[in-house]
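Trainee: Below: one structure in structure tokens.
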Amino acid sequence: MLTDPGYQAFVILRTGFTVAPILFGLDKFANLLVDWPTYLAPWINDVVPGSAQAVMYAVGGIEIIAGLVVALAPRIGGWLVAGIIVNLLTIPGYYDIALRDFGLLLGAVALARLAQRYRGKSH
């Protein structure tokens, strides 16, 4: 299996979409990389109770869970990670980041599809 380029792509995507959401989720609690509340779409901040930072704590928890789901069940986790990426498309002025995240969304969808193909196959 390790010589199959498709399986190699699956392992790379699975690893990346496991580690990145967990690390970014943890950073929502520390704000070391960036001031995360500024990346919350204003309409979401208007709809949910509490502060933008409180929402980021919830988002961080969801991202950590998403990374763990990718590790354990990438067929589901890939779609979960893709769904998380939608927020930035609704924030005016952050389209450069939204474009990058669209690329991540495509990678997450590719992971979900590859996981369907390599389901139950071990290294």
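By convention in this document, the chains of the structure tokens carry letters A, B, ... by their order, each chain's residues are numbered from 1, and ligands are numbered from 1 in the order they are shown.
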If we count only C-alpha atoms and set the cut-off at 9 Å, which residues sit around Ala110 (chain A), ignoring sequence neighbours fewer than 5 positions away in its own chain? Please answer as a ChimeraX atom specification.
Mentor: /A:10,13,78,105,115
Trainee: Which residues are near Gly77 (chain A)? Cut-off 10 Å, only C-alpha atoms, ignore same chain within fewer than 5 positions. Put them as an MDAnalysis selection string.
Mentor: chainID A and resid 14 17:18 65:72 82:83 108:109 111:112 115
Trainee: I need the residue nearest Ile97 (chain A) from this list: A:Tyr39, A:Leu80, A:Ile62, A:Asn45. Use only C-alpha atoms for the distance.
Mentor: A:Tyr39
Trainee: CA of Val81 (chain A) and CA of Leu106 (chain A), how far apart in Å?
Mentor: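 Result for CA of Leu106 (chain A) versus CA of Val81 (chain A): 10.3 Å, one decimal.
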Trainee: Report as a ChimeraX atom specification: the residues of chain A with a DSSP assignment of helix (DSSP H, G or I), based on the backbone of this structure.
Mentor: /A:5-30,36-39,42-47,52-72,74-90,95-117
Trainee: Would you write out those residues with C-alpha atoms, as a compact mmCIF listing (two decimals), in the first residue's frame?
Mentor:
```txt
# COMPACT_ATOMS: atom_id res chain seq x y z
CA PRO A 5 0.54 7.17 -4.92
CA GLY A 6 -3.15 7.45 -4.12
CA TYR A 7 -2.63 5.92 -0.70
CA GLN A 8 0.37 8.18 -0.10
CA ALA A 9 -1.84 11.20 -0.88
CA PHE A 10 -4.44 9.85 1.53
CA VAL A 11 -1.87 9.48 4.34
CA ILE A 12 -0.49 12.99 3.74
CA LEU A 13 -3.95 14.57 3.78
CA ARG A 14 -5.07 12.52 6.77
CA THR A 15 -2.00 13.55 8.76
CA GLY A 16 -2.34 17.22 7.82
CA PHE A 17 -6.05 17.40 8.52
CA THR A 18 -5.54 15.66 11.85
CA VAL A 19 -2.69 17.83 13.12
CA ALA A 20 -3.71 21.27 11.76
CA PRO A 21 -7.24 21.44 13.23
CA ILE A 22 -5.99 20.21 16.60
CA LEU A 23 -3.19 22.80 16.70
CA PHE A 24 -5.42 25.64 15.48
CA GLY A 25 -8.13 24.54 17.90
CA LEU A 26 -5.70 24.65 20.81
CA ASP A 27 -4.54 28.09 19.71
CA LYS A 28 -8.11 29.41 19.93
CA PHE A 29 -7.60 29.18 23.70
CA ALA A 30 -4.17 30.87 23.70
CA TRP A 36 -8.75 34.77 16.62
CA PRO A 37 -11.89 36.73 17.62
CA THR A 38 -11.16 39.21 14.80
CA TYR A 39 -11.69 36.34 12.33
CA PRO A 42 -19.74 39.79 12.41
CA TRP A 43 -23.09 38.19 11.68
CA ILE A 44 -22.11 35.16 13.79
CA ASN A 45 -21.05 37.44 16.65
CA ASP A 46 -24.47 39.16 16.41
CA VAL A 47 -26.36 35.85 16.53
CA ALA A 52 -16.31 36.67 20.26
CA GLN A 53 -13.61 35.00 22.38
CA ALA A 54 -16.22 32.71 23.94
CA VAL A 55 -17.28 31.71 20.43
CA MET A 56 -13.62 31.04 19.60
CA TYR A 57 -13.39 28.71 22.59
CA ALA A 58 -16.32 26.74 21.15
CA VAL A 59 -14.78 26.81 17.67
CA GLY A 60 -11.47 25.62 19.13
CA GLY A 61 -13.19 22.70 20.80
CA ILE A 62 -14.96 21.82 17.56
CA GLU A 63 -11.68 21.99 15.63
CA ILE A 64 -9.96 19.70 18.11
CA ILE A 65 -12.81 17.22 17.82
CA ALA A 66 -12.70 17.50 14.01
CA GLY A 67 -8.99 16.66 14.00
CA LEU A 68 -9.63 13.63 16.18
CA VAL A 69 -12.49 12.52 13.91
CA VAL A 70 -10.16 12.79 10.90
CA ALA A 71 -7.65 10.59 12.73
CA LEU A 72 -10.26 7.97 13.61
CA PRO A 74 -11.44 10.27 7.86
CA ARG A 75 -14.48 9.53 5.67
CA ILE A 76 -16.52 11.62 8.11
CA GLY A 77 -13.77 13.91 9.38
CA GLY A 78 -12.88 15.20 5.93
CA TRP A 79 -16.43 16.48 5.47
CA LEU A 80 -16.46 17.92 9.00
CA VAL A 81 -13.26 19.89 8.39
CA ALA A 82 -14.62 21.11 5.03
CA GLY A 83 -17.71 22.46 6.81
CA ILE A 84 -15.64 24.41 9.35
CA ILE A 85 -13.87 26.34 6.60
CA VAL A 86 -17.00 28.18 5.36
CA ASN A 87 -16.97 30.99 8.01
CA LEU A 88 -14.32 33.20 6.38
CA LEU A 89 -16.23 33.39 3.11
CA THR A 90 -18.76 35.58 4.91
CA TYR A 95 -11.09 37.13 0.89
CA ASP A 96 -7.36 36.37 0.59
CA ILE A 97 -7.63 34.07 3.58
CA ALA A 98 -10.95 32.72 2.32
CA LEU A 99 -9.27 31.79 -0.97
CA ARG A 100 -6.58 29.90 0.93
CA ASP A 101 -9.25 28.20 3.00
CA PHE A 102 -11.11 27.23 -0.16
CA GLY A 103 -7.98 25.30 -1.14
CA LEU A 104 -8.04 23.65 2.27
CA LEU A 105 -11.72 22.81 1.74
CA LEU A 106 -10.83 21.06 -1.52
CA GLY A 107 -8.10 19.11 0.26
CA ALA A 108 -10.51 18.07 3.01
CA VAL A 109 -13.07 16.88 0.46
CA ALA A 110 -10.32 14.98 -1.38
CA LEU A 111 -9.38 13.34 1.94
CA ALA A 112 -12.98 12.25 2.54
CA ARG A 113 -13.16 10.74 -0.94
CA LEU A 114 -9.77 8.98 -0.67
CA ALA A 115 -10.79 7.62 2.73
CA GLN A 116 -13.77 5.98 1.04
CA ARG A 117 -11.41 4.26 -1.39
```
Trainee: In Å to one decimal, how far is CA of Tyr94 (chain A) from CA of Val48 (chain A)?
Mentor: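 CA of Tyr94 (chain A) lies 20.9 Å from CA of Val48 (chain A).
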